[in-house]
Amino acid sequence: MPRAVKKHAVSASPPAARAKRATSTKRTESNASPATAASPQASYGFTGVQKATLDKLTRLGITRPFDLVLHLPLRYDDETHVYPISDAPSAHDVLVEGRVVECDVKFRPRRQLVCHIEDGTGVLTLRFLNFYPSQAKQLASGSLVRAFGEVRHGFFGPEMVHPRVKTVRDETPLAKALTPVYPTTAGLGQETLRRSIERALKECDLADTLPLATIAALRLPRFDEAVRFLHNPPPDVVLDDLQAREHPAWRRIKFDELLAQQLSMRMHYTKRKAADAPALRPQRTLTQRLLSSLPFALTRAQQRALDEVERDLAQPYPMQRLLQGDVGSGKTIIAALAGLQAIENGSQVAIMAPTEILAEQHYRKFSGWLAAIGLNVTWIAGGLRKRDKQDALHSIASGTTHVAVGTHALFEDEVQFANLALAIVDEQHRFGVHQRLALRMKGTRPGQRSQPHQLMMSATPIPRTLAMSYYADLDVSVIDELPPGRTPVATRLVADTRRDEVVQRVRDACMTGSQAYWVCPLIEESETLQLKTALETYESVQAAFPELRVGLIHGRLKSDDKTAVMAAFQRGEIQLLVATTVIEVGVDVANASLMIIEHAERMGLSQLHQLRGRVGRGAAHSTCILLYQNPLTPTARERLKIIYENTDGFEVARHDLRIRGPGELLGARQSGVPMLRFADLALDLDILDAARDTAERLLRDDPDAAHAHLARWLGGRHELLKV
Ligand code: ADP
Ligand code: MG
């Protein structure tokens, strides 16, 4: 070991108890394992932290002292100033000081500790619903205490619920600076965290990873200055600046974080080109046959995207291309043509969709297109009967299958391809990082470096700047034009009170040969309630339209039944389809020209846009009626206005980004992967731009600095970003 390590008492208990424990633990003991000691990280090992604390830190993603340096405050408490009780503002947490005049355990309405303190200006109630006997003792009559919390004006006058309380003497000094409050986990107190962080700040090397000239040019502070400032803000700093994260110290941290992300993605991008993949040269035999059998010609945008994909597939390294295009822009045919290029070269293709309904639809479409050319399409999903599944698996493993279509069942270990060269993921934002990684690994056999090419498709249009930055590790193709002859969907906003008119409209449409969707209200909180609502909606719609053939589809139907309902709707046997949002992605029935969405005010922008995209797929003039219930919240009103005014998915996405922020917009890619903790892509696009430029420059001119920066920021988490 590099140095003797003293066991450090770490606990969340009040100072008195802590002092006692500290003197009772004189043992010298190391928590660093021998393995750590031998590793090059030895000097980074945790010192003097108890095992239990280490476990809790791990839960916070802290696995090395440097992670503590980067564990920055969530917010700050202002304990530098004591407010008179009579004058304490109630909008935020404040510090008051007073003498306890009374303290009792009350039993009604439930057991609680109720304490009154008085400071000469007024009386404040402190209320504790959970408390320890020691707390009651601390608050004995006559003690002088400081309480920190939010003052609420209750029925019995001002009170604080669960304030942080400290016993003081008259001369106990106030905090000189703002108190940082850290994100934490159960059983890990702020005090413990603060002390561990203090230590880490002393022990870690905080020298800048970036050339000082770079930092200066961006007018950012040095790294050590920034972290010290954020962990220990000086007395004169203004709370609001720090909370808003606009302070230069915060900007430096965000810059560093985004730089690490950009570096990692660019390095992955470069590394991918060094990996092997089958070079699939376009033979233009099968693809030509499919193209000439289509009743339409590709749009210019489709042709451009296809050219890009074709070129990538012919390379001996794996393609990772994101194909973006608004709903209805015609991504599926591009996927089919890409697939044929793989098959022309004697390889297999996998196509995966996030819902069974969509996968099923792809299966039918591909079967239709490819059977005519004499190719085998195999269906694989969770609900398959055992015999059928065995057959499917066998066909995939033996190479009889040319294209396997399915849901995430395609990920399962038992699915082994003879010779997979292209994995296509539709609606990729619905999948998690790990799932996509699993599919990519499918084609990678042990001892073989070759990977399949990957084509990801998304109808959640991400504003271009964001896509280029956030997906810096991918190549992006955009289909920015709809097939000709489509008339934009007309959107109508109708208050629920005018239902009768809507009913008449649906009747008229269906009686003249059109088909319609009736989308049930969304109940996000509960699947059971969602089902109940769907069944009720179905009943009331049936009652309202006795003369129409009404169908119902929802997520809980058995897959055979789902298939049957969708097929009947496709054939026109069902005129009016009552549906939950399961139809949101991908469903394509050209004769459906009217959609009613109930309680549209509950849905998000991209969801509304996706749903609306189910109509307007044929030549007929289509309408989407958004039924809403008053009163509307301001956000709901804004959403409805945006969806009413915009038909272009990119415009809708731009507004969505503004309202919701990119985390939700980008979907599953973020969930489960703590990619960005500090930067906010919606607000920090300027910092992102700077980070992207710097990343490119560093990789070219100063790779050592780039590596040092990545090591500092990502540590062991580097792997997760390589998807
Ligand atoms: P999305 O991009 O939303 O996945 P689809 O691939 O489902 O869109 O295509 C929507 C519809 O448009 C399909 O019925 C498809 O056959 C049709 N389509 C695709 N490309 C064209 C084109 N160039 N001209 C006319 N119709 C097209
Ligand atoms: Mg689609």
# chains A, B, ... in the order shown; residues from 1 in each chain; ligands from 1
>>> select_by_dssp(residues="range 107-291 of chain A", states="strand (DSSP E or B)", output="NGL selection string")
:A and (112-118 or 123-128 or 144-150 or 152-154 or 157-161 or 164-167 or 179-181 or 276)
>>> select_by_dssp(residues="range 277-492 of chain A", states="alpha helix (DSSP H)", output="PDB file with N, CA and C atoms, in the first residue's frame")
ATOM      1  N   LEU A 286     -31.965  -8.685 -57.020  1.00  0.00           N
ATOM      2  CA  LEU A 286     -33.198  -8.749 -56.229  1.00  0.00           C
ATOM      3  C   LEU A 286     -33.777  -7.354 -56.007  1.00  0.00           C
ATOM      4  N   THR A 287     -32.906  -6.390 -55.728  1.00  0.00           N
ATOM      5  CA  THR A 287     -33.416  -5.044 -55.455  1.00  0.00           C
ATOM      6  C   THR A 287     -34.148  -4.490 -56.685  1.00  0.00           C
ATOM      7  N   GLN A 288     -33.608  -4.733 -57.862  1.00  0.00           N
ATOM      8  CA  GLN A 288     -34.280  -4.260 -59.073  1.00  0.00           C
ATOM      9  C   GLN A 288     -35.640  -4.921 -59.230  1.00  0.00           C
ATOM     10  N   ARG A 289     -35.703  -6.208 -58.920  1.00  0.00           N
ATOM     11  CA  ARG A 289     -36.982  -6.902 -59.080  1.00  0.00           C
ATOM     12  C   ARG A 289     -38.031  -6.329 -58.141  1.00  0.00           C
ATOM     13  N   LEU A 290     -37.605  -6.042 -56.911  1.00  0.00           N
ATOM     14  CA  LEU A 290     -38.570  -5.454 -55.975  1.00  0.00           C
ATOM     15  C   LEU A 290     -38.985  -4.063 -56.453  1.00  0.00           C
ATOM     16  N   LEU A 291     -38.015  -3.271 -56.826  1.00  0.00           N
ATOM     17  CA  LEU A 291     -38.328  -1.900 -57.257  1.00  0.00           C
ATOM     18  C   LEU A 291     -39.303  -1.896 -58.425  1.00  0.00           C
ATOM     19  N   SER A 292     -39.095  -2.801 -59.357  1.00  0.00           N
ATOM     20  CA  SER A 292     -39.964  -2.754 -60.532  1.00  0.00           C
ATOM     21  C   SER A 292     -41.343  -3.334 -60.238  1.00  0.00           C
ATOM     22  N   SER A 293     -41.460  -4.056 -59.096  1.00  0.00           N
ATOM     23  CA  SER A 293     -42.791  -4.584 -58.770  1.00  0.00           C
ATOM     24  C   SER A 293     -43.614  -3.583 -57.954  1.00  0.00           C
ATOM     25  N   ARG A 300     -37.181  11.415 -54.091  1.00  0.00           N
ATOM     26  CA  ARG A 300     -35.762  11.782 -54.157  1.00  0.00           C
ATOM     27  C   ARG A 300     -35.085  11.561 -52.813  1.00  0.00           C
ATOM     28  N   ALA A 301     -35.803  11.903 -51.758  1.00  0.00           N
ATOM     29  CA  ALA A 301     -35.222  11.744 -50.417  1.00  0.00           C
ATOM     30  C   ALA A 301     -34.993  10.269 -50.098  1.00  0.00           C
ATOM     31  N   GLN A 302     -35.933   9.416 -50.496  1.00  0.00           N
ATOM     32  CA  GLN A 302     -35.755   7.975 -50.271  1.00  0.00           C
ATOM     33  C   GLN A 302     -34.545   7.470 -51.056  1.00  0.00           C
ATOM     34  N   GLN A 303     -34.435   7.915 -52.297  1.00  0.00           N
ATOM     35  CA  GLN A 303     -33.329   7.473 -53.148  1.00  0.00           C
ATOM     36  C   GLN A 303     -31.988   7.868 -52.532  1.00  0.00           C
ATOM     37  N   ARG A 304     -31.941   9.091 -51.991  1.00  0.00           N
ATOM     38  CA  ARG A 304     -30.702   9.566 -51.385  1.00  0.00           C
ATOM     39  C   ARG A 304     -30.344   8.708 -50.166  1.00  0.00           C
ATOM     40  N   ALA A 305     -31.349   8.436 -49.342  1.00  0.00           N
ATOM     41  CA  ALA A 305     -31.101   7.606 -48.157  1.00  0.00           C
ATOM     42  C   ALA A 305     -30.635   6.217 -48.590  1.00  0.00           C
ATOM     43  N   LEU A 306     -31.287   5.669 -49.623  1.00  0.00           N
ATOM     44  CA  LEU A 306     -30.921   4.338 -50.099  1.00  0.00           C
ATOM     45  C   LEU A 306     -29.475   4.317 -50.610  1.00  0.00           C
ATOM     46  N   ASP A 307     -29.094   5.357 -51.333  1.00  0.00           N
ATOM     47  CA  ASP A 307     -27.712   5.434 -51.818  1.00  0.00           C
ATOM     48  C   ASP A 307     -26.737   5.382 -50.652  1.00  0.00           C
ATOM     49  N   GLU A 308     -27.066   6.134 -49.604  1.00  0.00           N
ATOM     50  CA  GLU A 308     -26.165   6.180 -48.446  1.00  0.00           C
ATOM     51  C   GLU A 308     -26.048   4.808 -47.788  1.00  0.00           C
ATOM     52  N   VAL A 309     -27.183   4.147 -47.657  1.00  0.00           N
ATOM     53  CA  VAL A 309     -27.183   2.824 -47.031  1.00  0.00           C
ATOM     54  C   VAL A 309     -26.418   1.829 -47.914  1.00  0.00           C
ATOM     55  N   GLU A 310     -26.688   1.881 -49.203  1.00  0.00           N
ATOM     56  CA  GLU A 310     -26.038   0.977 -50.159  1.00  0.00           C
ATOM     57  C   GLU A 310     -24.517   1.096 -50.066  1.00  0.00           C
ATOM     58  N   ARG A 311     -24.065   2.334 -50.023  1.00  0.00           N
ATOM     59  CA  ARG A 311     -22.640   2.583 -49.967  1.00  0.00           C
ATOM     60  C   ARG A 311     -22.044   2.034 -48.671  1.00  0.00           C
ATOM     61  N   ASP A 312     -22.717   2.276 -47.560  1.00  0.00           N
ATOM     62  CA  ASP A 312     -22.230   1.781 -46.267  1.00  0.00           C
ATOM     63  C   ASP A 312     -22.131   0.264 -46.243  1.00  0.00           C
ATOM     64  N   LEU A 313     -23.164  -0.391 -46.776  1.00  0.00           N
ATOM     65  CA  LEU A 313     -23.199  -1.856 -46.707  1.00  0.00           C
ATOM     66  C   LEU A 313     -22.056  -2.479 -47.493  1.00  0.00           C
ATOM     67  N   THR A 332     -39.877   1.963 -44.558  1.00  0.00           N
ATOM     68  CA  THR A 332     -39.907   0.498 -44.612  1.00  0.00           C
ATOM     69  C   THR A 332     -39.323  -0.044 -45.917  1.00  0.00           C
ATOM     70  N   ILE A 333     -39.664   0.601 -47.013  1.00  0.00           N
ATOM     71  CA  ILE A 333     -39.179   0.091 -48.297  1.00  0.00           C
ATOM     72  C   ILE A 333     -37.659   0.220 -48.392  1.00  0.00           C
ATOM     73  N   ILE A 334     -37.117   1.227 -47.759  1.00  0.00           N
ATOM     74  CA  ILE A 334     -35.652   1.379 -47.738  1.00  0.00           C
ATOM     75  C   ILE A 334     -35.032   0.215 -46.964  1.00  0.00           C
ATOM     76  N   ALA A 335     -35.689  -0.142 -45.850  1.00  0.00           N
ATOM     77  CA  ALA A 335     -35.215  -1.280 -45.066  1.00  0.00           C
ATOM     78  C   ALA A 335     -35.249  -2.550 -45.912  1.00  0.00           C
ATOM     79  N   ALA A 336     -36.320  -2.732 -46.679  1.00  0.00           N
ATOM     80  CA  ALA A 336     -36.451  -3.934 -47.499  1.00  0.00           C
ATOM     81  C   ALA A 336     -35.357  -3.983 -48.566  1.00  0.00           C
ATOM     82  N   LEU A 337     -35.106  -2.847 -49.178  1.00  0.00           N
ATOM     83  CA  LEU A 337     -34.086  -2.817 -50.234  1.00  0.00           C
ATOM     84  C   LEU A 337     -32.697  -3.072 -49.659  1.00  0.00           C
ATOM     85  N   ALA A 338     -32.441  -2.519 -48.480  1.00  0.00           N
ATOM     86  CA  ALA A 338     -31.164  -2.775 -47.814  1.00  0.00           C
ATOM     87  C   ALA A 338     -31.035  -4.266 -47.521  1.00  0.00           C
ATOM     88  N   GLY A 339     -32.141  -4.850 -47.049  1.00  0.00           N
ATOM     89  CA  GLY A 339     -32.153  -6.278 -46.744  1.00  0.00           C
ATOM     90  C   GLY A 339     -31.813  -7.106 -47.979  1.00  0.00           C
ATOM     91  N   LEU A 340     -32.389  -6.722 -49.103  1.00  0.00           N
ATOM     92  CA  LEU A 340     -32.147  -7.481 -50.326  1.00  0.00           C
ATOM     93  C   LEU A 340     -30.676  -7.421 -50.744  1.00  0.00           C
ATOM     94  N   GLN A 341     -30.065  -6.294 -50.476  1.00  0.00           N
ATOM     95  CA  GLN A 341     -28.638  -6.187 -50.808  1.00  0.00           C
ATOM     96  C   GLN A 341     -27.825  -7.219 -50.006  1.00  0.00           C
ATOM     97  N   ALA A 342     -28.226  -7.435 -48.749  1.00  0.00           N
ATOM     98  CA  ALA A 342     -27.551  -8.438 -47.931  1.00  0.00           C
ATOM     99  C   ALA A 342     -27.825  -9.834 -48.486  1.00  0.00           C
ATOM    100  N   ILE A 343     -29.083 -10.070 -48.868  1.00  0.00           N
ATOM    101  CA  ILE A 343     -29.460 -11.398 -49.353  1.00  0.00           C
ATOM    102  C   ILE A 343     -28.775 -11.705 -50.698  1.00  0.00           C
ATOM    103  N   GLU A 344     -28.658 -10.686 -51.516  1.00  0.00           N
ATOM    104  CA  GLU A 344     -27.938 -10.864 -52.787  1.00  0.00           C
ATOM    105  C   GLU A 344     -26.528 -11.379 -52.562  1.00  0.00           C
ATOM    106  N   GLU A 356     -45.657  -5.999 -31.081  1.00  0.00           N
ATOM    107  CA  GLU A 356     -46.010  -7.154 -31.874  1.00  0.00           C
ATOM    108  C   GLU A 356     -46.851  -6.741 -33.080  1.00  0.00           C
ATOM    109  N   ILE A 357     -47.693  -5.738 -32.880  1.00  0.00           N
ATOM    110  CA  ILE A 357     -48.546  -5.293 -33.987  1.00  0.00           C
ATOM    111  C   ILE A 357     -47.694  -4.780 -35.145  1.00  0.00           C
ATOM    112  N   LEU A 358     -46.704  -4.003 -34.816  1.00  0.00           N
ATOM    113  CA  LEU A 358     -45.843  -3.455 -35.861  1.00  0.00           C
ATOM    114  C   LEU A 358     -44.981  -4.551 -36.490  1.00  0.00           C
ATOM    115  N   ALA A 359     -44.442  -5.431 -35.659  1.00  0.00           N
ATOM    116  CA  ALA A 359     -43.610  -6.516 -36.181  1.00  0.00           C
ATOM    117  C   ALA A 359     -44.434  -7.382 -37.137  1.00  0.00           C
ATOM    118  N   GLU A 360     -45.632  -7.663 -36.716  1.00  0.00           N
ATOM    119  CA  GLU A 360     -46.561  -8.482 -37.500  1.00  0.00           C
ATOM    120  C   GLU A 360     -46.827  -7.823 -38.864  1.00  0.00           C
ATOM    121  N   GLN A 361     -47.028  -6.508 -38.811  1.00  0.00           N
ATOM    122  CA  GLN A 361     -47.276  -5.775 -40.052  1.00  0.00           C
ATOM    123  C   GLN A 361     -46.055  -5.830 -40.974  1.00  0.00           C
ATOM    124  N   HIS A 362     -44.888  -5.706 -40.392  1.00  0.00           N
ATOM    125  CA  HIS A 362     -43.671  -5.846 -41.197  1.00  0.00           C
ATOM    126  C   HIS A 362     -43.590  -7.240 -41.792  1.00  0.00           C
ATOM    127  N   TYR A 363     -43.952  -8.215 -40.980  1.00  0.00           N
ATOM    128  CA  TYR A 363     -43.891  -9.594 -41.451  1.00  0.00           C
ATOM    129  C   TYR A 363     -44.771  -9.771 -42.684  1.00  0.00           C
ATOM    130  N   ARG A 364     -45.978  -9.238 -42.601  1.00  0.00           N
ATOM    131  CA  ARG A 364     -46.892  -9.370 -43.740  1.00  0.00           C
ATOM    132  C   ARG A 364     -46.354  -8.630 -44.951  1.00  0.00           C
ATOM    133  N   LYS A 365     -45.870  -7.404 -44.708  1.00  0.00           N
ATOM    134  CA  LYS A 365     -45.368  -6.601 -45.817  1.00  0.00           C
ATOM    135  C   LYS A 365     -44.179  -7.270 -46.501  1.00  0.00           C
ATOM    136  N   PHE A 366     -43.230  -7.707 -45.687  1.00  0.00           N
ATOM    137  CA  PHE A 366     -42.029  -8.332 -46.254  1.00  0.00           C
ATOM    138  C   PHE A 366     -42.377  -9.647 -46.942  1.00  0.00           C
ATOM    139  N   SER A 367     -43.298 -10.409 -46.331  1.00  0.00           N
ATOM    140  CA  SER A 367     -43.695 -11.658 -46.964  1.00  0.00           C
ATOM    141  C   SER A 367     -44.258 -11.363 -48.341  1.00  0.00           C
ATOM    142  N   GLY A 368     -45.129 -10.345 -48.408  1.00  0.00           N
ATOM    143  CA  GLY A 368     -45.734  -9.970 -49.682  1.00  0.00           C
ATOM    144  C   GLY A 368     -44.675  -9.598 -50.719  1.00  0.00           C
ATOM    145  N   TRP A 369     -43.756  -8.749 -50.294  1.00  0.00           N
ATOM    146  CA  TRP A 369     -42.744  -8.279 -51.238  1.00  0.00           C
ATOM    147  C   TRP A 369     -41.777  -9.379 -51.653  1.00  0.00           C
ATOM    148  N   LEU A 370     -41.349 -10.185 -50.654  1.00  0.00           N
ATOM    149  CA  LEU A 370     -40.227 -11.082 -50.896  1.00  0.00           C
ATOM    150  C   LEU A 370     -40.622 -12.472 -51.378  1.00  0.00           C
ATOM    151  N   ALA A 371     -41.857 -12.894 -51.021  1.00  0.00           N
ATOM    152  CA  ALA A 371     -42.282 -14.220 -51.468  1.00  0.00           C
ATOM    153  C   ALA A 371     -42.309 -14.247 -52.989  1.00  0.00           C
ATOM    154  N   LYS A 386     -44.917 -23.836 -29.413  1.00  0.00           N
ATOM    155  CA  LYS A 386     -43.609 -24.452 -29.295  1.00  0.00           C
ATOM    156  C   LYS A 386     -43.114 -25.051 -30.616  1.00  0.00           C
ATOM    157  N   ARG A 387     -44.017 -25.788 -31.272  1.00  0.00           N
ATOM    158  CA  ARG A 387     -43.647 -26.418 -32.543  1.00  0.00           C
ATOM    159  C   ARG A 387     -43.194 -25.367 -33.557  1.00  0.00           C
ATOM    160  N   ASP A 388     -44.035 -24.316 -33.684  1.00  0.00           N
ATOM    161  CA  ASP A 388     -43.738 -23.271 -34.669  1.00  0.00           C
ATOM    162  C   ASP A 388     -42.412 -22.598 -34.362  1.00  0.00           C
ATOM    163  N   LYS A 389     -42.184 -22.423 -33.059  1.00  0.00           N
ATOM    164  CA  LYS A 389     -40.949 -21.771 -32.661  1.00  0.00           C
ATOM    165  C   LYS A 389     -39.744 -22.632 -33.036  1.00  0.00           C
ATOM    166  N   GLN A 390     -39.853 -23.924 -32.743  1.00  0.00           N
ATOM    167  CA  GLN A 390     -38.763 -24.837 -33.105  1.00  0.00           C
ATOM    168  C   GLN A 390     -38.462 -24.743 -34.594  1.00  0.00           C
ATOM    169  N   ASP A 391     -39.531 -24.774 -35.378  1.00  0.00           N
ATOM    170  CA  ASP A 391     -39.363 -24.684 -36.834  1.00  0.00           C
ATOM    171  C   ASP A 391     -38.652 -23.388 -37.218  1.00  0.00           C
ATOM    172  N   ALA A 392     -39.121 -22.293 -36.604  1.00  0.00           N
ATOM    173  CA  ALA A 392     -38.554 -20.981 -36.937  1.00  0.00           C
ATOM    174  C   ALA A 392     -37.064 -20.949 -36.581  1.00  0.00           C
ATOM    175  N   LEU A 393     -36.752 -21.422 -35.355  1.00  0.00           N
ATOM    176  CA  LEU A 393     -35.360 -21.399 -34.909  1.00  0.00           C
ATOM    177  C   LEU A 393     -34.481 -22.231 -35.832  1.00  0.00           C
ATOM    178  N   HIS A 394     -35.035 -23.373 -36.223  1.00  0.00           N
ATOM    179  CA  HIS A 394     -34.268 -24.273 -37.081  1.00  0.00           C
ATOM    180  C   HIS A 394     -33.994 -23.617 -38.428  1.00  0.00           C
ATOM    181  N   SER A 395     -35.027 -23.003 -38.949  1.00  0.00           N
ATOM    182  CA  SER A 395     -34.916 -22.353 -40.244  1.00  0.00           C
ATOM    183  C   SER A 395     -33.897 -21.203 -40.223  1.00  0.00           C
ATOM    184  N   ILE A 396     -33.869 -20.478 -39.095  1.00  0.00           N
ATOM    185  CA  ILE A 396     -32.917 -19.367 -38.952  1.00  0.00           C
ATOM    186  C   ILE A 396     -31.487 -19.898 -38.819  1.00  0.00           C
ATOM    187  N   ALA A 397     -31.360 -20.973 -38.020  1.00  0.00           N
ATOM    188  CA  ALA A 397     -30.029 -21.510 -37.756  1.00  0.00           C
ATOM    189  C   ALA A 397     -29.440 -22.216 -38.973  1.00  0.00           C
ATOM    190  N   SER A 398     -30.320 -22.819 -39.781  1.00  0.00           N
ATOM    191  CA  SER A 398     -29.805 -23.575 -40.925  1.00  0.00           C
ATOM    192  C   SER A 398     -29.523 -22.673 -42.123  1.00  0.00           C
ATOM    193  N   VAL A 433     -30.680   0.592 -24.766  1.00  0.00           N
ATOM    194  CA  VAL A 433     -29.317   0.439 -25.254  1.00  0.00           C
ATOM    195  C   VAL A 433     -28.896  -1.028 -25.240  1.00  0.00           C
ATOM    196  N   HIS A 434     -29.225  -1.711 -24.149  1.00  0.00           N
ATOM    197  CA  HIS A 434     -28.741  -3.073 -23.989  1.00  0.00           C
ATOM    198  C   HIS A 434     -29.355  -4.012 -25.014  1.00  0.00           C
ATOM    199  N   GLN A 435     -30.632  -3.754 -25.338  1.00  0.00           N
ATOM    200  CA  GLN A 435     -31.286  -4.606 -26.318  1.00  0.00           C
ATOM    201  C   GLN A 435     -30.641  -4.452 -27.686  1.00  0.00           C
ATOM    202  N   ARG A 436     -30.355  -3.204 -28.047  1.00  0.00           N
ATOM    203  CA  ARG A 436     -29.762  -3.001 -29.367  1.00  0.00           C
ATOM    204  C   ARG A 436     -28.369  -3.612 -29.437  1.00  0.00           C
ATOM    205  N   LEU A 437     -27.670  -3.494 -28.317  1.00  0.00           N
ATOM    206  CA  LEU A 437     -26.340  -4.077 -28.257  1.00  0.00           C
ATOM    207  C   LEU A 437     -26.441  -5.588 -28.444  1.00  0.00           C
ATOM    208  N   ALA A 438     -27.450  -6.187 -27.792  1.00  0.00           N
ATOM    209  CA  ALA A 438     -27.633  -7.634 -27.882  1.00  0.00           C
ATOM    210  C   ALA A 438     -27.855  -8.053 -29.329  1.00  0.00           C
ATOM    211  N   LEU A 439     -28.650  -7.296 -30.049  1.00  0.00           N
ATOM    212  CA  LEU A 439     -28.924  -7.662 -31.434  1.00  0.00           C
ATOM    213  C   LEU A 439     -27.656  -7.554 -32.276  1.00  0.00           C
ATOM    214  N   ARG A 440     -26.868  -6.539 -31.992  1.00  0.00           N
ATOM    215  CA  ARG A 440     -25.656  -6.382 -32.769  1.00  0.00           C
ATOM    216  C   ARG A 440     -24.711  -7.546 -32.518  1.00  0.00           C
ATOM    217  N   MET A 441     -24.696  -8.008 -31.271  1.00  0.00           N
ATOM    218  CA  MET A 441     -23.793  -9.099 -30.940  1.00  0.00           C
ATOM    219  C   MET A 441     -24.239 -10.411 -31.570  1.00  0.00           C
ATOM    220  N   LYS A 442     -25.502 -10.502 -31.955  1.00  0.00           N
ATOM    221  CA  LYS A 442     -26.046 -11.725 -32.537  1.00  0.00           C
ATOM    222  C   LYS A 442     -25.169 -12.269 -33.661  1.00  0.00           C
ATOM    223  N   ARG A 464     -32.032  18.503 -36.313  1.00  0.00           N
ATOM    224  CA  ARG A 464     -30.797  18.064 -36.925  1.00  0.00           C
ATOM    225  C   ARG A 464     -29.559  18.335 -36.073  1.00  0.00           C
ATOM    226  N   THR A 465     -29.488  19.529 -35.486  1.00  0.00           N
ATOM    227  CA  THR A 465     -28.304  19.850 -34.684  1.00  0.00           C
ATOM    228  C   THR A 465     -28.148  18.855 -33.543  1.00  0.00           C
ATOM    229  N   LEU A 466     -29.290  18.539 -32.949  1.00  0.00           N
ATOM    230  CA  LEU A 466     -29.251  17.637 -31.810  1.00  0.00           C
ATOM    231  C   LEU A 466     -28.848  16.240 -32.260  1.00  0.00           C
ATOM    232  N   ALA A 467     -29.393  15.805 -33.389  1.00  0.00           N
ATOM    233  CA  ALA A 467     -29.061  14.477 -33.893  1.00  0.00           C
ATOM    234  C   ALA A 467     -27.569  14.383 -34.184  1.00  0.00           C
ATOM    235  N   MET A 468     -27.041  15.397 -34.833  1.00  0.00           N
ATOM    236  CA  MET A 468     -25.634  15.364 -35.211  1.00  0.00           C
ATOM    237  C   MET A 468     -24.740  15.341 -33.986  1.00  0.00           C
ATOM    238  N   SER A 469     -25.176  16.004 -32.932  1.00  0.00           N
ATOM    239  CA  SER A 469     -24.348  16.040 -31.741  1.00  0.00           C
ATOM    240  C   SER A 469     -24.583  14.818 -30.875  1.00  0.00           C
ATOM    241  N   TYR A 470     -25.847  14.547 -30.657  1.00  0.00           N
ATOM    242  CA  TYR A 470     -26.157  13.487 -29.713  1.00  0.00           C
ATOM    243  C   TYR A 470     -25.837  12.121 -30.282  1.00  0.00           C
TER     244      TYR A 470
END
>>> residues_around(residues="range 198-215 of chain A", least_positions_apart="6", cutoff="10 Å", atoms="only C-alpha atoms", output="number ranges by chain")
A: 43-44, 46-48, 64-70, 192, 221-225, 227-228, 231-232, 252, 256, 694, 698, 702, 704-712
>>> residues_around(residues="range 138-154 of chain A", least_positions_apart="3", cutoff="8 Å", atoms="only C-alpha atoms", output="number ranges by chain")
A: 79, 88-103, 115, 134-135, 157-170
>>> atom_distance(atom1="CA of Pro173 in chain A", atom2="CA of Ala244 in chain A")
28.1 Å
>>> residues_around(residues="Leu220 in chain A", least_positions_apart="3", cutoff="8 Å", atoms="only C-alpha atoms", output="PyMOL selection string")
chain A and resi 215-217+248-249+251-252
>>> write_last_selection(atoms="C-alpha atoms", output="PDB file, in the first residue's frame")
ATOM      1  CA  ILE A 215      -9.868  26.683 -21.497  1.00  0.00           C
ATOM      2  CA  ALA A 216      -8.898  30.313 -21.773  1.00  0.00           C
ATOM      3  CA  ALA A 217     -10.192  30.584 -25.326  1.00  0.00           C
ATOM      4  CA  PRO A 248     -19.085  29.785 -15.099  1.00  0.00           C
ATOM      5  CA  ALA A 249     -18.115  26.993 -12.709  1.00  0.00           C
ATOM      6  CA  ARG A 251     -20.536  25.839 -17.398  1.00  0.00           C
ATOM      7  CA  ARG A 252     -17.065  24.360 -17.072  1.00  0.00           C
TER       8      ARG A 252
END
>>> residues_near_ligand(ligand="ligand 2", cutoff="12 Å", atoms="only C-alpha atoms and all ligand atoms", output="ChimeraX atom specification")
/A:323-336,351-355,357-359,361-362,365,424-428,456-460,583-589,610,613-614,617
>>> closest_residue(among="A:Thr647, A:Gln50, A:Thr63, A:Asn591", to="ligand 1", atoms="only C-alpha atoms and all ligand atoms")
A:Asn591
>>> atom_distance(atom1="CA of Leu522 in chain A", atom2="CA of Ala534 in chain A")
9.1 Å
>>> atom_distance(atom1="CA of Asp240 in chain A", atom2="CA of Leu178 in chain A")
11.3 Å
